[in-house]
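Engineer: Coordinates in work_11.txt, compact mmCIF, C-alpha atoms and all ligand atoms, are listed below.
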# COMPACT_ATOMS: atom_id res chain seq x y z
CA MET D 1 -28.30 -60.73 -96.51
CA THR D 2 -26.13 -63.52 -97.90
CA ALA D 3 -27.47 -62.81 -101.38
CA PHE D 4 -26.49 -59.17 -101.05
CA ILE D 5 -23.00 -60.05 -99.87
CA GLU D 6 -22.27 -62.64 -102.55
CA ALA D 7 -23.34 -60.24 -105.25
CA ALA D 8 -21.75 -57.25 -103.54
CA SER D 9 -18.43 -56.79 -105.29
CA PRO D 10 -17.82 -59.05 -108.29
CA HIS D 11 -15.71 -56.40 -110.00
CA VAL D 12 -13.67 -55.21 -107.02
CA MET D 13 -10.21 -56.78 -106.89
CA ASN D 14 -10.09 -59.51 -104.29
CA THR D 15 -7.44 -58.04 -101.98
CA TYR D 16 -9.21 -58.28 -98.61
CA GLY D 17 -10.70 -61.05 -96.50
CA ARG D 18 -13.85 -59.11 -95.68
CA VAL D 19 -16.38 -59.55 -92.89
CA PRO D 20 -19.70 -60.20 -94.67
CA ILE D 21 -21.41 -56.94 -93.77
CA ALA D 22 -21.67 -53.54 -95.47
CA LEU D 23 -22.00 -50.41 -93.35
CA SER D 24 -24.46 -47.76 -94.41
CA HIS D 25 -24.27 -44.97 -91.82
CA GLY D 26 -23.22 -44.11 -88.30
CA GLN D 27 -23.78 -41.84 -85.34
CA GLY D 28 -21.14 -41.35 -82.67
CA CYS D 29 -19.65 -44.76 -81.86
CA ARG D 30 -22.60 -46.64 -83.44
CA VAL D 31 -22.85 -47.80 -87.04
CA TRP D 32 -25.65 -49.54 -88.95
CA ASP D 33 -25.32 -51.97 -91.84
CA VAL D 34 -27.42 -51.94 -95.00
CA ASN D 35 -29.86 -54.35 -93.36
CA GLY D 36 -30.42 -52.08 -90.37
CA LYS D 37 -28.37 -54.05 -87.83
CA GLN D 38 -26.58 -51.87 -85.29
CA TYR D 39 -22.93 -52.25 -84.17
CA LEU D 40 -20.75 -50.63 -81.53
CA ASP D 41 -17.64 -49.44 -83.33
CA ALA D 42 -14.44 -50.38 -81.47
CA LEU D 43 -12.37 -50.25 -84.67
CA ALA D 44 -13.07 -46.72 -86.00
CA GLY D 45 -12.11 -47.73 -89.54
CA ILE D 46 -8.71 -48.84 -88.10
CA ALA D 47 -7.99 -45.86 -85.83
CA VAL D 48 -9.23 -43.40 -88.46
CA ASN D 49 -12.62 -42.09 -87.29
CA THR D 50 -11.22 -40.01 -84.42
CA LEU D 51 -14.52 -38.16 -83.92
CA GLY D 52 -16.74 -41.17 -84.56
CA HIS D 53 -19.46 -40.88 -87.18
CA ASN D 54 -21.62 -37.93 -88.28
CA HIS D 55 -20.03 -35.57 -85.75
CA ALA D 56 -22.24 -32.50 -85.26
CA LYS D 57 -19.26 -30.11 -85.51
CA LEU D 58 -17.24 -31.84 -88.23
CA VAL D 59 -19.96 -32.48 -90.81
CA PRO D 60 -21.09 -28.85 -91.32
CA ALA D 61 -17.44 -27.71 -91.52
CA LEU D 62 -16.70 -30.25 -94.26
CA GLN D 63 -19.92 -29.35 -96.08
CA ASP D 64 -18.87 -25.71 -95.96
CA GLN D 65 -15.47 -26.60 -97.42
CA ILE D 66 -16.91 -28.76 -100.20
CA GLY D 67 -19.12 -25.84 -101.20
CA LYS D 68 -16.05 -23.58 -101.47
CA ILE D 69 -13.23 -25.64 -103.02
CA ILE D 70 -12.28 -29.32 -102.77
CA HIS D 71 -9.03 -29.40 -104.74
CA SER D 72 -6.84 -26.67 -106.14
CA SER D 73 -3.23 -27.71 -106.77
CA ASN D 74 0.23 -27.42 -105.31
CA TYR D 75 0.91 -25.12 -108.27
CA TYR D 76 -0.62 -22.55 -105.91
CA HIS D 77 -0.51 -21.67 -102.23
CA VAL D 78 -3.09 -23.58 -100.17
CA PRO D 79 -3.89 -21.54 -97.02
CA GLY D 80 -5.25 -24.64 -95.23
CA GLN D 81 -1.78 -26.22 -95.45
CA GLU D 82 -0.25 -23.41 -93.40
CA GLN D 83 -3.14 -23.59 -90.91
CA LEU D 84 -2.80 -27.33 -90.35
CA ALA D 85 1.02 -27.22 -90.42
CA THR D 86 0.99 -24.53 -87.71
CA ARG D 87 -1.24 -26.65 -85.50
CA LEU D 88 0.93 -29.77 -85.94
CA VAL D 89 4.14 -27.83 -85.36
CA GLU D 90 2.78 -26.24 -82.17
CA ARG D 91 1.65 -29.58 -80.76
CA SER D 92 4.75 -31.58 -81.72
CA GLY D 93 7.53 -29.08 -80.97
CA MET D 94 8.79 -29.64 -84.53
CA THR D 95 9.05 -27.09 -87.37
CA ASN D 96 7.74 -28.01 -90.86
CA VAL D 97 5.17 -30.29 -92.51
CA PHE D 98 4.77 -32.00 -95.90
CA PHE D 99 1.23 -33.15 -96.75
CA CYS D 100 0.22 -36.28 -98.63
CA ASN D 101 -2.74 -38.69 -98.65
CA SER D 102 -2.03 -41.81 -96.62
CA GLY D 103 0.25 -43.49 -94.14
CA LEU D 104 2.48 -45.22 -96.63
CA GLU D 105 2.94 -41.97 -98.54
CA ALA D 106 3.98 -40.20 -95.36
CA ASN D 107 6.46 -43.01 -94.67
CA GLU D 108 7.79 -42.94 -98.25
CA ALA D 109 8.49 -39.24 -97.81
CA ALA D 110 10.24 -39.94 -94.51
CA LEU D 111 12.43 -42.60 -96.16
CA LYS D 112 13.31 -40.19 -98.97
CA ILE D 113 14.22 -37.52 -96.39
CA ALA D 114 16.47 -40.02 -94.58
CA ARG D 115 18.29 -41.04 -97.75
CA LYS D 116 18.84 -37.49 -98.95
CA TYR D 117 19.89 -36.41 -95.45
CA GLY D 118 22.63 -39.04 -95.73
CA VAL D 119 23.59 -38.26 -99.32
CA ASP D 120 23.85 -34.54 -98.44
CA LYS D 121 26.35 -35.58 -95.72
CA GLY D 122 28.40 -37.55 -98.27
CA ILE D 123 27.00 -41.03 -97.50
CA ALA D 124 26.52 -42.64 -100.91
CA ARG D 125 24.55 -45.73 -99.76
CA PRO D 126 22.48 -44.69 -96.74
CA GLU D 127 21.04 -47.36 -94.44
CA ILE D 128 18.04 -47.11 -92.12
CA VAL D 129 17.44 -49.11 -88.94
CA VAL D 130 13.96 -50.71 -88.76
CA TYR D 131 12.30 -53.17 -86.37
CA GLU D 132 11.04 -56.71 -86.14
CA LYS D 133 7.22 -56.88 -86.47
CA ALA D 134 7.08 -53.29 -87.75
CA PHE D 135 4.39 -52.20 -90.18
CA HIS D 136 4.97 -49.16 -92.38
CA GLY D 137 2.70 -49.71 -95.40
CA ARG D 138 2.45 -51.61 -98.64
CA SER D 139 4.38 -49.66 -101.26
CA ILE D 140 7.60 -51.29 -102.42
CA ALA D 141 9.79 -49.26 -100.02
CA THR D 142 7.48 -49.21 -96.98
CA MET D 143 6.78 -52.92 -97.43
CA SER D 144 10.54 -53.49 -97.43
CA ALA D 145 10.77 -51.60 -94.14
CA THR D 146 7.92 -53.71 -92.76
CA GLY D 147 9.03 -56.62 -90.58
CA ASN D 148 6.35 -59.12 -91.55
CA PRO D 149 7.08 -61.78 -94.18
CA LYS D 150 3.31 -62.19 -94.78
CA ILE D 151 3.27 -58.69 -96.21
CA ASN D 152 6.36 -58.67 -98.39
CA THR D 153 6.66 -62.27 -99.59
CA GLY D 154 6.07 -62.51 -103.34
CA PHE D 155 6.99 -58.93 -104.12
CA GLY D 156 10.75 -59.07 -104.32
CA PRO D 157 13.29 -57.83 -104.94
CA LEU D 158 12.77 -55.69 -101.87
CA VAL D 159 14.33 -52.26 -101.46
CA GLU D 160 17.80 -52.49 -99.90
CA GLY D 161 19.33 -50.38 -97.19
CA PHE D 162 17.41 -51.55 -94.14
CA ILE D 163 18.97 -53.02 -90.99
CA ARG D 164 16.47 -54.88 -88.80
CA VAL D 165 16.68 -55.06 -85.01
CA PRO D 166 14.44 -56.25 -82.13
CA MET D 167 12.42 -53.75 -80.03
CA ASN D 168 13.44 -52.48 -76.61
CA ASP D 169 17.03 -53.73 -76.76
CA ILE D 170 19.58 -50.90 -76.93
CA GLU D 171 22.52 -53.30 -77.10
CA ALA D 172 21.02 -55.00 -80.14
CA ILE D 173 20.88 -51.76 -82.13
CA GLN D 174 24.37 -50.75 -80.98
CA LYS D 175 25.71 -54.10 -82.11
CA ALA D 176 23.84 -54.12 -85.43
CA THR D 177 25.19 -50.69 -86.36
CA GLU D 178 28.69 -50.91 -84.86
CA GLY D 179 31.33 -49.39 -87.09
CA ASN D 180 28.80 -48.79 -89.89
CA PRO D 181 29.25 -45.24 -91.23
CA ASN D 182 26.26 -45.57 -93.60
CA VAL D 183 23.48 -45.49 -91.00
CA VAL D 184 21.40 -42.32 -91.36
CA ALA D 185 18.17 -42.95 -89.42
CA VAL D 186 16.18 -45.11 -87.03
CA PHE D 187 12.55 -45.67 -88.08
CA PHE D 188 9.90 -47.15 -85.77
CA GLU D 189 6.37 -47.00 -84.33
CA THR D 190 6.09 -45.86 -80.68
CA ILE D 191 3.43 -48.55 -80.27
CA GLN D 192 3.43 -51.10 -83.07
CA GLY D 193 -0.14 -51.36 -84.36
CA GLU D 194 -0.35 -54.11 -86.99
CA GLY D 195 2.50 -55.93 -85.22
CA GLY D 196 0.20 -56.61 -82.25
CA ILE D 197 0.01 -53.46 -80.03
CA ASN D 198 3.66 -53.66 -78.93
CA PRO D 199 4.86 -50.57 -77.03
CA MET D 200 8.42 -49.27 -77.03
CA ARG D 201 9.51 -48.82 -73.42
CA ILE D 202 9.98 -45.24 -72.23
CA GLU D 203 13.61 -45.68 -71.23
CA TYR D 204 14.36 -47.38 -74.55
CA LEU D 205 12.90 -44.38 -76.41
CA GLN D 206 15.10 -42.07 -74.33
CA GLN D 207 18.18 -44.23 -74.99
CA LEU D 208 17.40 -44.18 -78.71
CA ARG D 209 17.08 -40.39 -78.70
CA LYS D 210 20.52 -40.17 -77.10
CA LEU D 211 22.00 -42.62 -79.61
CA CYS D 212 20.54 -40.68 -82.54
CA ASP D 213 22.04 -37.46 -81.17
CA GLU D 214 25.46 -39.03 -80.62
CA ARG D 215 25.59 -40.57 -84.10
CA ASP D 216 23.81 -37.76 -85.98
CA TRP D 217 21.02 -40.12 -87.10
CA LEU D 218 17.47 -38.98 -87.77
CA MET D 219 14.95 -40.33 -85.28
CA MET D 220 11.90 -41.06 -87.44
CA ILE D 221 8.75 -42.10 -85.57
CA ASP D 222 5.84 -43.57 -87.54
CA GLU D 223 2.88 -42.23 -85.54
CA VAL D 224 0.41 -43.07 -88.31
CA GLN D 225 -1.65 -45.27 -85.97
CA CYS D 226 -0.61 -44.31 -82.41
CA GLY D 227 -0.55 -40.54 -83.01
CA MET D 228 -3.28 -37.87 -83.06
CA GLY D 229 -4.40 -38.29 -79.48
CA ARG D 230 -5.00 -42.02 -79.51
CA THR D 231 -2.84 -42.68 -76.44
CA GLY D 232 -3.99 -39.56 -74.59
CA LYS D 233 -1.16 -37.29 -75.74
CA TRP D 234 -1.06 -35.74 -79.19
CA PHE D 235 1.75 -38.12 -80.13
CA ALA D 236 2.57 -41.34 -78.32
CA HIS D 237 6.33 -40.64 -78.06
CA GLN D 238 5.51 -37.57 -75.93
CA TRP D 239 4.99 -39.94 -72.98
CA ALA D 240 8.80 -40.37 -73.08
CA GLY D 241 9.47 -36.62 -73.20
CA ILE D 242 11.39 -36.88 -76.47
CA VAL D 243 11.02 -35.07 -79.81
CA PRO D 244 11.70 -36.93 -83.07
CA ASP D 245 13.33 -35.47 -86.17
CA VAL D 246 10.72 -36.86 -88.57
CA MET D 247 7.15 -37.97 -87.78
CA PRO D 248 4.76 -39.46 -90.36
CA LEU D 249 1.04 -39.11 -89.52
CA ALA D 250 -2.14 -40.23 -91.28
CA LYS D 251 -5.03 -42.41 -90.04
CA GLY D 252 -6.76 -40.28 -87.36
CA LEU D 253 -5.59 -36.90 -88.64
CA GLY D 254 -8.63 -36.22 -90.85
CA SER D 255 -11.33 -38.14 -88.97
CA GLY D 256 -11.99 -40.22 -92.09
CA VAL D 257 -10.99 -37.86 -94.90
CA PRO D 258 -7.86 -39.33 -96.56
CA ILE D 259 -4.77 -37.43 -95.46
CA GLY D 260 -1.11 -37.96 -94.58
CA ALA D 261 1.57 -35.67 -93.20
CA VAL D 262 5.27 -35.76 -92.46
CA VAL D 263 6.27 -33.46 -89.63
CA ALA D 264 9.97 -32.59 -89.48
CA GLY D 265 12.25 -30.93 -86.94
CA PRO D 266 15.23 -28.64 -87.66
CA LYS D 267 17.58 -31.48 -88.69
CA ALA D 268 15.21 -32.75 -91.39
CA ALA D 269 12.98 -29.83 -92.35
CA ASN D 270 15.12 -28.47 -95.18
CA VAL D 271 16.35 -31.72 -96.71
CA LEU D 272 13.66 -31.76 -99.42
CA GLN D 273 13.88 -28.81 -101.81
CA PRO D 274 11.69 -27.75 -104.76
CA GLY D 275 11.48 -30.59 -107.27
CA ASN D 276 12.57 -33.31 -104.82
CA HIS D 277 9.12 -34.60 -103.85
CA GLY D 278 5.45 -33.99 -104.53
CA THR D 279 1.91 -35.29 -104.93
CA THR D 280 -1.15 -34.16 -106.89
CA PHE D 281 -3.78 -34.62 -104.20
CA GLY D 282 -1.62 -34.01 -101.14
CA GLY D 283 -2.56 -31.03 -99.00
CA ASN D 284 -5.82 -30.33 -100.82
CA PRO D 285 -8.22 -27.85 -99.21
CA LEU D 286 -10.78 -30.49 -98.14
CA ALA D 287 -8.20 -32.69 -96.39
CA MET D 288 -6.59 -29.66 -94.73
CA ARG D 289 -9.96 -28.48 -93.42
CA ALA D 290 -10.62 -31.98 -92.07
CA GLY D 291 -7.31 -31.90 -90.19
CA VAL D 292 -7.79 -28.38 -88.82
CA GLU D 293 -11.36 -29.12 -87.67
CA THR D 294 -10.38 -32.48 -86.16
CA ILE D 295 -7.76 -30.78 -83.98
CA ARG D 296 -10.15 -27.94 -83.05
CA ILE D 297 -12.93 -30.33 -82.04
CA MET D 298 -10.54 -32.64 -80.16
CA GLU D 299 -9.50 -29.64 -78.06
CA GLU D 300 -12.97 -28.17 -77.58
CA ASP D 301 -14.31 -31.55 -76.51
CA GLY D 302 -11.32 -32.58 -74.35
CA LEU D 303 -10.65 -35.77 -76.32
CA LEU D 304 -7.05 -36.25 -75.18
CA HIS D 305 -8.31 -36.41 -71.63
CA ASN D 306 -11.18 -38.64 -72.73
CA ALA D 307 -8.79 -41.06 -74.46
CA THR D 308 -6.68 -41.28 -71.30
CA MET D 309 -9.59 -41.66 -68.92
CA VAL D 310 -11.87 -43.95 -70.92
CA GLY D 311 -8.85 -45.88 -72.17
CA LEU D 312 -7.71 -46.57 -68.63
CA HIS D 313 -11.23 -47.62 -67.67
CA LEU D 314 -11.44 -49.94 -70.68
CA LYS D 315 -8.03 -51.47 -70.02
CA THR D 316 -8.85 -52.05 -66.36
CA ALA D 317 -12.22 -53.57 -67.22
CA LEU D 318 -10.60 -55.86 -69.80
CA GLN D 319 -7.98 -56.92 -67.28
CA HIS D 320 -10.75 -57.63 -64.79
CA ALA D 321 -12.91 -59.62 -67.20
CA LEU D 322 -10.21 -61.43 -69.17
CA GLY D 323 -6.77 -60.83 -67.67
CA SER D 324 -6.68 -63.82 -65.35
CA LEU D 325 -8.17 -66.39 -67.75
CA PRO D 326 -5.75 -69.14 -68.75
CA GLY D 327 -5.33 -68.55 -72.47
CA VAL D 328 -5.15 -64.76 -72.12
CA LYS D 329 -1.51 -63.73 -72.24
CA GLU D 330 -1.70 -59.98 -71.74
CA VAL D 331 -3.89 -56.89 -71.88
CA ARG D 332 -1.68 -54.01 -73.06
CA GLY D 333 -1.53 -50.63 -74.77
CA GLN D 334 -2.26 -47.07 -73.80
CA GLY D 335 -5.26 -44.77 -74.04
CA LEU D 336 -7.65 -46.01 -76.69
CA MET D 337 -5.08 -48.21 -78.44
CA LEU D 338 -5.43 -51.51 -76.61
CA GLY D 339 -4.60 -55.12 -77.36
CA VAL D 340 -5.61 -58.40 -75.73
CA GLU D 341 -3.15 -61.14 -76.61
CA LEU D 342 -4.47 -64.70 -76.51
CA ALA D 343 -2.41 -67.87 -76.44
CA LYS D 344 -4.05 -69.03 -79.65
CA PRO D 345 -5.01 -67.54 -83.03
CA CYS D 346 -8.26 -65.59 -82.76
CA GLY D 347 -9.00 -64.16 -86.20
CA VAL D 348 -12.37 -65.89 -86.07
CA LEU D 349 -13.43 -63.41 -83.36
CA VAL D 350 -13.75 -60.58 -85.89
CA GLY D 351 -16.77 -62.19 -87.57
CA ARG D 352 -18.24 -63.47 -84.33
CA ALA D 353 -17.99 -60.03 -82.73
CA ALA D 354 -19.71 -58.48 -85.74
CA GLU D 355 -22.53 -60.99 -85.35
CA ALA D 356 -22.71 -59.93 -81.70
CA GLY D 357 -22.91 -56.25 -82.72
CA LEU D 358 -19.30 -55.25 -82.07
CA LEU D 359 -16.65 -54.14 -84.57
CA ILE D 360 -13.07 -55.11 -83.64
CA SER D 361 -9.98 -56.37 -85.42
CA VAL D 362 -7.33 -58.99 -84.77
CA THR D 363 -3.66 -58.31 -85.54
CA ALA D 364 -0.60 -60.55 -85.46
CA ASP D 365 -2.94 -63.60 -85.50
CA SER D 366 -3.64 -63.64 -81.78
CA VAL D 367 -4.10 -60.04 -80.60
CA ILE D 368 -7.57 -58.49 -80.31
CA ARG D 369 -7.14 -54.82 -81.22
CA LEU D 370 -9.42 -52.10 -79.86
CA VAL D 371 -8.98 -48.64 -81.43
CA PRO D 372 -12.41 -47.01 -81.01
CA PRO D 373 -13.27 -43.35 -81.74
CA LEU D 374 -11.76 -40.98 -79.16
CA ILE D 375 -15.29 -39.86 -78.19
CA LEU D 376 -15.96 -43.28 -76.59
CA THR D 377 -17.87 -43.04 -73.30
CA ILE D 378 -17.38 -45.11 -70.14
CA ALA D 379 -20.75 -46.79 -70.79
CA GLU D 380 -19.67 -47.71 -74.31
CA ALA D 381 -16.35 -49.03 -72.98
CA ASP D 382 -18.29 -51.26 -70.58
CA GLU D 383 -20.44 -52.42 -73.48
CA ILE D 384 -17.33 -53.42 -75.47
CA VAL D 385 -16.18 -55.57 -72.54
CA ALA D 386 -19.64 -57.08 -72.04
CA ARG D 387 -19.91 -58.10 -75.69
CA LEU D 388 -16.33 -59.28 -76.08
CA THR D 389 -15.93 -61.32 -72.90
CA PRO D 390 -18.31 -64.22 -73.70
CA LEU D 391 -16.82 -64.51 -77.20
CA VAL D 392 -13.28 -64.80 -75.83
CA LYS D 393 -14.37 -67.32 -73.18
CA ALA D 394 -16.15 -69.44 -75.79
CA LEU D 395 -13.12 -69.38 -78.10
CA LEU D 396 -10.76 -70.35 -75.30
CA ALA D 397 -13.03 -73.28 -74.43
CA GLU D 398 -12.93 -74.66 -78.01
C1 LIG G 401 -1.81 -48.07 -91.28
C2 LIG G 401 -0.38 -47.80 -91.08
C3 LIG G 401 0.45 -47.43 -92.14
C4 LIG G 401 -0.04 -47.39 -93.56
O1 LIG G 401 -1.02 -46.43 -93.76
P1 LIG G 401 -1.89 -46.48 -95.11
O2 LIG G 401 -2.71 -45.23 -95.01
O3 LIG G 401 -2.69 -47.73 -95.07
O4 LIG G 401 -0.94 -46.46 -96.24
C5 LIG G 401 1.76 -47.13 -91.87
N1 LIG G 401 2.25 -47.18 -90.63
C6 LIG G 401 1.49 -47.53 -89.58
C7 LIG G 401 2.07 -47.56 -88.20
C8 LIG G 401 0.16 -47.87 -89.77
O5 LIG G 401 -0.59 -48.26 -88.73
Rewrite the coordinates I just gave you, this time as structure tokens.
Ligand SMILES: *Cc1c(COP(=O)(O)O)cnc(C)c1O
Structural biologist:
Amino acid sequence: MTAFIEAASPHVMNTYGRVPIALSHGQGCRVWDVNGKQYLDALAGIAVNTLGHNHAKLVPALQDQIGKIIHSSNYYHVPGQEQLATRLVERSGMTNVFFCNSGLEANEAALKIARKYGVDKGIARPEIVVYEKAFHGRSIATMSATGNPKINTGFGPLVEGFIRVPMNDIEAIQKATEGNPNVVAVFFETIQGEGGINPMRIEYLQQLRKLCDERDWLMMIDEVQCGMGRTGKWFAHQWAGIVPDVMPLAKGLGSGVPIGAVVAGPKAANVLQPGNHGTTFGGNPLAMRAGVETIRIMEEDGLLHNATMVGLHLKTALQHALGSLPGVKEVRGQGLMLGVELAKPCGVLVGRAAEAGLLISVTADSVIRLVPPLILTIAEADEIVARLTPLVKALLAE
């Protein structure tokens, strides 16, 4: 096994600290590595594999699509774009969608919409409010919006025009923007993912919506990780009963097929006009089919309800097993987007969990992140807790 790993990727650029395993195939929430070892998947390719692996309804639909057409071009109409856009519009209460291929691309499009929205109103140097600990991607602009020096150090000069504020503090954003006529948008994650599973409070979201309305700012919610049913509603902000003006999506939208989307409401939907923005791959027939089928199967199989119910069970079980240990700060999150914050760094748990047959990740140095497929069962949730608990206890005892 070691020999395989050392020889695995001598020509791949060394951009990731990888766990020394290579996955070969999966079924449901189980995956197997190239040596035949089985794992329970509580990571889902970082909140991507919504339907788990080798889903009996998704696979034949994608095979059918591949046999018809994979890519055409945005030179032409792509009927799948209208199909998926309709479904996203119906479920979000918004109006129009632009398709791309990833989270950062969706966020780039959102940032371009915000700037042009401002310029169209006569604001020559638009500014966008962003948050501490935010993660929006690794392009030059989205990295500049990201509130983590580990991600943007060494890549300056960063893009200007961002104002950074702390989460859940309405006075802080009022103060940071006071008398500034150049602000055009507020951009944030409903639950910060990479930042450590940090939720925005419901009343803060409602206060922000009000502030955006009063000041004519776009409310732009990055639901790339917390959207697409992960928290038990289609989009995590819906727990606060608000509707954003711009909403980037990606990760779980295609159940593993690369895809991104920017959903816009009436204030933002017509900002981009022909020639303003585009992408070669974005909105291709295969990705659109993956999105349409993911939504269909989620509804047929009741996966929003499953995320709520199994997520609550998992959170309660984690609280029970770990919550009262000294060294465990908090179990938090919603649906199947959960975090366990420890009082010490715990990155080492990723490899140890893999050895123990469990795939997890650690964000913000000390937060165990669980974002399993939305098909997770109660029994599998219990298995996650059973495998994780001894590893956490052992680490805390070190
Ligand atoms: C993962 C993520 C991104 C970036 O998505 P990529 O597809 O990796 O570019 C952006 N925003 C949030 C909230 C994310 O979790």
Engineer: Within 8 Å of Ile384 of chain D, counting all atoms listed in the file, which residues qualify if same-chain residues fewer than 3 places away don't, as a short mmCIF file (atom, residue, chain, number, x, y, z; two decimals) with C-alpha atoms, in the frame of the given file?
Structural biologist:
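result35.cif, written as the output of this step:
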data_model
loop_
_atom_site.label_atom_id
_atom_site.label_comp_id
_atom_site.auth_asym_id
_atom_site.auth_seq_id
_atom_site.Cartn_x
_atom_site.Cartn_y
_atom_site.Cartn_z
CA LEU D 40 -20.75 -50.63 -81.53
CA ALA D 42 -14.44 -50.38 -81.47
CA LEU D 358 -19.30 -55.25 -82.07
CA GLU D 380 -19.67 -47.71 -74.31
CA ALA D 381 -16.35 -49.03 -72.98
CA ARG D 387 -19.91 -58.10 -75.69
CA LEU D 388 -16.33 -59.28 -76.08
#
Engineer: Between D:Gln207, D:Thr146, D:Ser24, D:Gln334, which is the closest to Asp222 of chain D once you count only C-alpha atoms?
Structural biologist: D:Thr146
Engineer: Using all atoms listed in the file, find the one residue out of D:Met94, D:Met200, D:Ala269, D:Ala317 that sits nearest to Val243 of chain D.
Structural biologist: D:Met94
Engineer: Between D:Pro79, D:Gly154, D:Pro149, D:Gly195, which is the closest to ligand LIG 401 (chain G) once you count only C-alpha atoms and all ligand atoms?
Structural biologist: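 Counting only C-alpha atoms and all ligand atoms, the residue closest to ligand LIG 401 (chain G) is D:Gly195.
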Engineer: Can you pull out every residue within 9 Å of segment 111-126 of chain D, counting only C-alpha atoms, but drop anything in the same chain fewer than 3 positions away, and send it as a list in words?
Structural biologist: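 Using only C-alpha atoms, the neighbours found are Ala106, Asn107, Glu108, Ala141, Thr142, Gly161, Phe162, Pro181, Asn182, Val183, Val184, Ala185, Phe187, Trp217, Leu218, Met220, Val246, Lys267, Ala268, Ala269, Val271, Leu272 and His277 of chain D.
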Engineer: Could you tell me which of D:Ile378, D:Val159, D:Ile259, D:Ile128 comes closest to Asn284 of chain D if we count only C-alpha atoms?
Structural biologist: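 Once distances to Asn284 of chain D are computed over only C-alpha atoms, the minimum belongs to D:Ile259.
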Engineer: So, with all atoms listed in the file as the atoms that count, which of D:Leu303, D:Val371, D:Met219, D:Leu158 lies closest to ligand LIG 401 (chain G)?
Structural biologist: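 Residue with the minimum atom-to-atom distance to ligand LIG 401 (chain G): D:Val371.
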Engineer: Taking all atoms listed in the file into account, name the residue in D:Glu330, D:Thr294, D:Gly28, D:Leu336 that is nearest to Leu312 of chain D.
Structural biologist: D:Leu336
Engineer: Which residues sit within 7 Å of ligand LIG 401 (chain G), counting all atoms listed in the file, listed as a count of residues only?
Structural biologist: 19
Engineer: Give me the residues near segment 350-354 of chain D as a list in words, where near means some atom within 9 Å (using only C-alpha atoms) and where sequence neighbours in that chain fewer than 2 positions away do not count.
Structural biologist: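 Residues near the query, excluding close chain neighbours: Val19, Pro20, Ile21, Tyr39, Leu40, Cys346, Gly347, Val348, Ala356, Gly357, Leu358, Leu359, Ile360, Ser361, Val362, Ile368, Arg387, Leu388 and Leu391 of chain D.
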Engineer: Would you mind reading off the distance between atom CA of Gly311 of chain D and atom CA of Thr231 of chain D, one decimal, in Å?
Structural biologist: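 Separation between atom CA of Gly311 of chain D and atom CA of Thr231 of chain D: 8.0 Å.
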